[in-house]
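Read through the structure below, which is laid out as structure tokens, and then see the notes.
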Amino acid sequence: MNFDLYLPTLLTIITAATPLVFAAMGELVTEKSGVLNLGVEGMMLTGAVTGFAAVVVTDSAILGCLAAMAAGMLTALIFAFLVLGLQASQVATGLALTLFGIGLSALLGQDMVGIAYAGLPKLQLPIVSDLPVLGPLLFHHDALVYLSFVLPAAVAWFLYRTRAGLILRAVGDSHDAAHAIGYPVIAIRYMATLFGGAMSGLAGAYLSLSYSTMWVENMSAGRGWIALALVVFATWRPWRVMFGAYLFGGITILQLYAQAFGIAVPSQFMTMLPYLATIVVLVVISRDESRIRQNAPACIGKPFHPSA
Amino acid sequence: MIKQPDAKTPLLALGAITKSYPGCLANDHVDFAISRGEIHALLGENGAGKSTLVKIIYGILRADSGNIRWCGEPVTIDSPSTARRLGIAMVFQHFSLFESLTVVENIALGMDSPGNMESLKARIREVSTSYGLLLDPDRHVHSLSVGERQRIEIIRCLLQQPKLLIMDEPTSVLTPQEIEQLFATLRRLAAQGMSILYISHKLDEIRTLCHQATILRNGRVVADTDPTTHTARSLAAIMMGEELELPSRPPLTQSDSPPRLVVNDLSLRALDEFGVDLKNISFTVGRGEILGIAGVAGNGQIELTNALAGERRCQQADTIVIDQVACGHRGPEFRRELGLGSIPEERFGHGAIADLSLAENAYLTAHHRMGLTRYGLIRRRLRNAFSNRVIDQFRVKAGGHQSTASSLSGGNLQKFIVGREICQRHGVLVVCQPTWGVDAGAATAIQQALVEMAEAGAAVLVISQDLDELMLICNRIAAICAGRLSDVLPVATTSVEQIGLLMAGADMEMDRAEA
């Protein structure tokens with residue numbers, strides 16, 4: 001079998017899935033604490049434009065990524081202040097945040113349209129990068145892709161193996177009980193929301209610095225919404241989110257190739273396929289109601305009023 | 001450093017604790033002391049200020065003024081973790097448990113330094129076997145019964161080896177057997193020197209369990225007394241400030257009129273593995289009659305209420321007949337129009353909607369019977385007047401008809417829900433646990449209202465775990481066990497022991513022996 005023929009396809013699948021992994025993992029942590037942030041799309045775009053601008057100015061990929069995370073966190077902070085501090089509706093505020101992010105990023109990025117960037121440097125790792133097949137497939141990427149490989153493990157470890165993760169899940173399950181025991185519900189939710197913002201920002205940075213290597217208005221193209229859907233359909237399990245992200249990325253790329261080969265299916269249907277297939281597959285693997293009950297944060301989207 | 005106190009110093013002493021909420025003084029200069037090894041009752045009606053006082057002791061609320069002494073030393077308790085450090089542990093009325101987490105995770109969350117999970121599991125097993133509180137640390141909470149959930153809270157407290165254990169209405173959700181077991185555990189803990197602050201409004205329990213009782217009324221201490229020297233009646237009198245008039249069952253009128261509620265061979269399979277199948281249930285309730293159904297929780301009471309209310313429909317129309325109209329296949333709205341009122345066991349989700357106002361909640365079941373709709377529009381003035389009538393008549397403590405259901409205490413909401421149905425003057429009323437979590441005064445008022453309804457010609461079905469209540473107000477009684485209904489017996493010639501046997505399914509044993 002000629003592996004080299006398939007390599008480019010497989011590589012593009014990875015690049016298509018990576019931003020989803022970041023955004024969805026961040027949102028997963030946010031939602032596990034009981035906060036529903038629908039502003040992922042907006043935070044991604046803010047991150048994308050800020051990261052790109054930072055790279056243009058400083059010419060440092062690291063500073064670019066950090067700036068993107070900071071921008072994502074800043075937008076998340078606005079959201080957190082409104083819904084946690086002022087107890088505004090999470091749904092309405094999240095939607096507003098998306099609209100805000102789209103507008104703000106377009107404004108900030110006006111002068112950067114058309115500037116090209118070489119892309120994040122590919123990191124060669126010792127030994128593993130030289131492995132046949134696996135080397136070129138998994139270990140000729142930039143740092144963000146490697147990070148996206150370990151992120152689900154890190155999130156799963158944090159949520160299910162550490163005390164801090166247990167407290168975070170507890171706050172999402174019943175904020176009243178957590179408050180009664182004496183945990184700072186609001187502070188914990190602030191942190192989880194900020195983490196979600198940082199990861200969305202990073203997802204944006206990946207789009208503008210690695211996936212497209214330029215800034216285009218509204219370049220996230222609905223990926224923020226897909227990330228949100230992934231979290232729900234993966235029933236808040238980190239590895240399933242990863243699986244869903246790759247499924248979506250995979251079908252997105254494959255349908256492009258299929259269209260290029262001129263398969264006689266309407267292109268609209270092909271474009272629809274990734275969304276449809278991802279949702280159907282995830283619904284089927286997680287239709288067990290007791291599992292949903294076990295994993296869904298019961299307090300999601302509910303405002304918390306501490307009595308006294 | 002807290003010095004070693006002598007034996008006479010109370011473990012905890014509160015002085016002149018005052019706490020006010022907007023529009024209400026919850027605690028008014030409350031003095032209170034509990035000594036070592038004492039089981040001390042805090043007694044009072046709903047809204048007397050018990051829960052507020054306890055929350056101040058556990059650091060969830062701060063008092064506006066007053067002082068707290070622990071082992072004789074003045075202390076400030078500004079958070080639950082400060083309280084835990086002093087040696088105060090609390091079992092909450094509405095359990096502070098996390099449904100999607102396991103037993104061991106829940107326990108770890110309530111401790112300041114739980115250590116690693118495996119050693120914690122071992123300690124849980126140790127404590128649970130030594131106190132006879134059986135519990136598997138790896139189970140998820142949502143799969144446990146209420147009694148098992150309470151065990152989690154108790155074990156969580158015991159693991160911290162507290163000096164003071166606070167229990168907020170621990171028995172309101174337990175079966176009689178579970179209550180016996182709990183009392184045995186509490187007595188043992190007290191004998192080992194632990195002080196227990198026991199909050200309840202169940203007078204008999206307090207008389208059998210507690211050494212001392214502090215009685216609150218409207219936020220003030222009205223008595224500090226040894227409960228064993230009182231009768232349940234005299235305690236209730238102190239608690240309410242007036243004598244308690246017990247209701248009596250309605251006179252059984254022999255009438256030729258056909259029964260108002262008929263259930264014919266009702267069988268329904270449970271919807272999930274935790275439910276109970278109803279098997280061949282048949283009974284009738286006549287005009288002016290109260291029929292009681294006794295039984296230990298989880299034997300099909302909820303399923304039966306749902307089937308009667310129309311939440312679940314039957315295959316055959318004539319399985320359920322209300323005032324001679326067969327309606328087994330029809331839904332709740334249709335049955336309400338026939339004159340059926342129902343009061344489910346669960347207040348939220350079935351009995352009321354938490355975030356809606358009392359007026360809106362009243363409208364939801366009363367709109368047809370009370371004519372609260374015209375041309376598809378809500379007649380707001382009538383609706384508000386109707387809910388105000390319920391609030392006044394049943395002395396519901398609420399800000400008014402615009403307060404949300406969730407802002408009421410459990411007992412007050414129960415009064416509102418029961419009152420809402422009674423004020424509609426239904427022909428047939430199905431009530432599940434009418435006085436669950438309601439204080440003695442309000443319970444009597446609710447029972448009296450049920451009796452008056454029957455006297456006015458309604459057929460009333462009361463499904464309750466409280467056998468005393470059923471013996472008090474019912475004309476006839478039956479027991480439900482594993483989804484089957486026993487024979488229906490007249491209360492006047494039936495003993496509590498007989499009903500107890502029926503509740504345990506004794507008649508079915510005999511049937512099986514004969515067969």
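Here, A, B, ... name the chains of the structure tokens in the order displayed, residue numbers run from 1 inside each chain, and ligands are numbered from 1 in the same displayed order.
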
| Got a sec: who's within 9 Å of Ala24 of chain A, counting only C-alpha atoms, leaving out chain neighbours fewer than 2 positions off, as a ChimeraX atom specification? | /A:19-22,26-29,40,196,199-200,224,226-231,238,241-242,245

Could you save the residues just selected, with C-alpha atoms, as a tab-separated table (two decimals), in the first residue's frame?
chain	number	residue	atom	x	y	z
A	19	PRO	CA	-8.84	23.82	16.76
A	20	LEU	CA	-11.99	21.89	17.69
A	21	VAL	CA	-10.08	19.93	20.32
A	22	PHE	CA	-8.86	23.13	21.98
A	26	GLY	CA	-12.00	24.52	27.20
A	27	GLU	CA	-15.77	24.59	26.95
A	28	LEU	CA	-15.98	21.16	28.57
A	29	VAL	CA	-14.18	22.42	31.67
A	40	VAL	CA	-16.86	30.21	22.02
A	196	GLY	CA	-12.40	27.99	28.57
A	199	MET	CA	-8.43	27.42	25.18
A	200	SER	CA	-10.81	29.13	22.73
A	224	GLY	CA	-17.03	27.52	17.85
A	226	ILE	CA	-19.33	22.78	16.49
A	227	ALA	CA	-17.11	22.71	19.57
A	228	LEU	CA	-20.15	23.52	21.72
A	229	ALA	CA	-22.17	20.76	20.12
A	230	LEU	CA	-19.29	18.30	20.50
A	231	VAL	CA	-19.21	18.82	24.26
A	238	PRO	CA	-12.87	14.37	27.33
A	241	VAL	CA	-14.83	15.03	22.66
A	242	MET	CA	-11.47	14.25	21.07
A	245	ALA	CA	-13.41	16.41	16.90

Which residues of chain A have any atom within 8 Å of an atom in chain B when counting only C-alpha atoms, and what is the closest pair of atoms for each, with the distance in Å to one decimal? Order the rows by chain and rising number and write it as a Markdown table.
| residue | atom | partner | partner_atom | distance |
| --- | --- | --- | --- | --- |
| A:Leu166 | CA | B:Glu105 | CA | 7.4 |
| A:Ile167 | CA | B:Leu109 | CA | 6.8 |
| A:Ala170 | CA | B:Phe98 | CA | 6.2 |
| A:Asp173 | CA | B:Phe98 | CA | 5.8 |
| A:Ser174 | CA | B:Phe98 | CA | 6.0 |
| A:Asp176 | CA | B:Ser96 | CA | 7.4 |
| A:Ala177 | CA | B:Ser96 | CA | 4.2 |
| A:Ala178 | CA | B:Ser96 | CA | 7.2 |
| A:Ala180 | CA | B:Ile60 | CA | 6.7 |
| A:Ile181 | CA | B:Gly110 | CA | 6.0 |
| A:Gly182 | CA | B:Pro80 | CA | 5.4 |
| A:Arg293 | CA | B:Ser100 | CA | 6.7 |
| A:Gln294 | CA | B:Ser100 | CA | 4.5 |
| A:Asn295 | CA | B:Ser100 | CA | 6.5 |
| A:Ala296 | CA | B:Ser100 | CA | 7.9 |
| A:Pro297 | CA | B:Ser100 | CA | 7.9 |
| A:Ala308 | CA | B:Leu61 | CA | 6.0 |

Those residues you just picked out, can you put them in a file as a PDB file, in the first residue's frame with N, CA and C atoms?
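Result went into result-v8.pdb, see below:
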ATOM      1  N   LEU A 166     -12.380  17.380  41.246  1.00  0.00           N
ATOM      2  CA  LEU A 166     -13.569  16.866  41.933  1.00  0.00           C
ATOM      3  C   LEU A 166     -14.437  18.026  42.418  1.00  0.00           C
ATOM      4  N   ILE A 167     -13.781  19.043  42.987  1.00  0.00           N
ATOM      5  CA  ILE A 167     -14.528  20.201  43.483  1.00  0.00           C
ATOM      6  C   ILE A 167     -15.213  20.910  42.324  1.00  0.00           C
ATOM      7  N   ALA A 170     -18.171  19.019  41.360  1.00  0.00           N
ATOM      8  CA  ALA A 170     -19.193  19.148  42.402  1.00  0.00           C
ATOM      9  C   ALA A 170     -19.944  20.471  42.254  1.00  0.00           C
ATOM     10  N   ASP A 173     -22.391  20.173  39.595  1.00  0.00           N
ATOM     11  CA  ASP A 173     -23.480  19.238  39.866  1.00  0.00           C
ATOM     12  C   ASP A 173     -24.522  19.849  40.787  1.00  0.00           C
ATOM     13  N   SER A 174     -24.095  20.540  41.822  1.00  0.00           N
ATOM     14  CA  SER A 174     -25.053  21.197  42.720  1.00  0.00           C
ATOM     15  C   SER A 174     -24.366  22.360  43.408  1.00  0.00           C
ATOM     16  N   ASP A 176     -25.684  24.647  45.188  1.00  0.00           N
ATOM     17  CA  ASP A 176     -26.179  24.880  46.546  1.00  0.00           C
ATOM     18  C   ASP A 176     -25.474  23.983  47.550  1.00  0.00           C
ATOM     19  N   ALA A 177     -25.328  22.712  47.181  1.00  0.00           N
ATOM     20  CA  ALA A 177     -24.647  21.791  48.085  1.00  0.00           C
ATOM     21  C   ALA A 177     -23.188  22.201  48.255  1.00  0.00           C
ATOM     22  N   ALA A 178     -22.543  22.585  47.173  1.00  0.00           N
ATOM     23  CA  ALA A 178     -21.140  22.983  47.258  1.00  0.00           C
ATOM     24  C   ALA A 178     -20.996  24.208  48.157  1.00  0.00           C
ATOM     25  N   ALA A 180     -23.050  25.036  50.561  1.00  0.00           N
ATOM     26  CA  ALA A 180     -23.357  24.647  51.935  1.00  0.00           C
ATOM     27  C   ALA A 180     -22.140  24.009  52.599  1.00  0.00           C
ATOM     28  N   ILE A 181     -21.370  23.244  51.818  1.00  0.00           N
ATOM     29  CA  ILE A 181     -20.181  22.622  52.394  1.00  0.00           C
ATOM     30  C   ILE A 181     -19.087  23.659  52.595  1.00  0.00           C
ATOM     31  N   GLY A 182     -19.133  24.723  51.825  1.00  0.00           N
ATOM     32  CA  GLY A 182     -18.162  25.792  52.046  1.00  0.00           C
ATOM     33  C   GLY A 182     -17.197  26.023  50.890  1.00  0.00           C
ATOM     34  N   ARG A 293     -26.890  11.170  32.750  1.00  0.00           N
ATOM     35  CA  ARG A 293     -27.188  11.671  34.073  1.00  0.00           C
ATOM     36  C   ARG A 293     -25.916  11.725  34.929  1.00  0.00           C
ATOM     37  N   GLN A 294     -25.041  10.750  34.681  1.00  0.00           N
ATOM     38  CA  GLN A 294     -23.812  10.706  35.474  1.00  0.00           C
ATOM     39  C   GLN A 294     -22.836  11.811  35.083  1.00  0.00           C
ATOM     40  N   ASN A 295     -22.843  12.184  33.823  1.00  0.00           N
ATOM     41  CA  ASN A 295     -21.806  13.085  33.338  1.00  0.00           C
ATOM     42  C   ASN A 295     -22.260  14.516  33.126  1.00  0.00           C
ATOM     43  N   ALA A 296     -23.542  14.704  32.880  1.00  0.00           N
ATOM     44  CA  ALA A 296     -24.005  16.064  32.613  1.00  0.00           C
ATOM     45  C   ALA A 296     -23.955  16.884  33.887  1.00  0.00           C
ATOM     46  N   PRO A 297     -23.386  18.080  33.821  1.00  0.00           N
ATOM     47  CA  PRO A 297     -23.413  18.951  35.001  1.00  0.00           C
ATOM     48  C   PRO A 297     -24.828  19.458  35.246  1.00  0.00           C
ATOM     49  N   ALA A 308     -27.444  34.789  51.850  1.00  0.00           N
ATOM     50  CA  ALA A 308     -26.693  35.452  52.930  1.00  0.00           C
ATOM     51  C   ALA A 308     -25.449  36.149  52.413  1.00  0.00           C
TER      52      ALA A 308
END

| field | Gap from atom CA of Arg336 of chain B to atom CA of Ala352 of chain B - Å, one decimal | value |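 Computing it gives 15.9 Å between the two atoms.
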
| message | Residues of segment 336-507 of chain B classed as alpha helix (DSSP H) by DSSP on the backbone are to be reported as number ranges by chain. | response | B: 336-338, 358-366, 380-393, 410-422, 440-455, 467-473, 496-503, 506-507

| message | So that I can see what lies close to Ile343 of chain B, please list as an MDAnalysis selection string the residues with an atom at most 9 Å from it, counting only C-alpha atoms and leaving out residues fewer than 2 positions away in the same chain. | response | chainID B and resid 305 309 341 345:347 350:351 417:418 421 429:434

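If you measure from each of B:Lys8, B:Ala89, B:Glu38, B:Asn412 to Cys71 of chain B using only C-alpha atoms, the closest one turns out to be B:Lys8.
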
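With only C-alpha atoms as the atoms that count, the residue of B:Leu485, B:Val104, B:Ala184, B:Cys474 with the shortest distance to Asp136 of chain B is B:Val104.
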
| query | Got a sec: who's within 12 Å of segment 108-125 of chain A, counting only C-alpha atoms, leaving out chain neighbours fewer than 5 positions off, as a PyMOL selection string? | reply | chain A and resi 45-57+59-65+101-103+130-131+135-147+205-219

| message | As an exercise, work out the distance from atom CA of Leu189 of chain B to atom CA of Cys210 of chain B in Å and give it to one decimal place. | response |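 Between these atoms lies a distance of 12.8 Å.
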
| query | What separation in Å, quoted to one decimal, exists between atom CA of Thr18 of chain B and atom CA of Gly441 of chain B? | reply |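 Going from atom CA of Thr18 of chain B over to atom CA of Gly441 of chain B, I get 25.1 Å.
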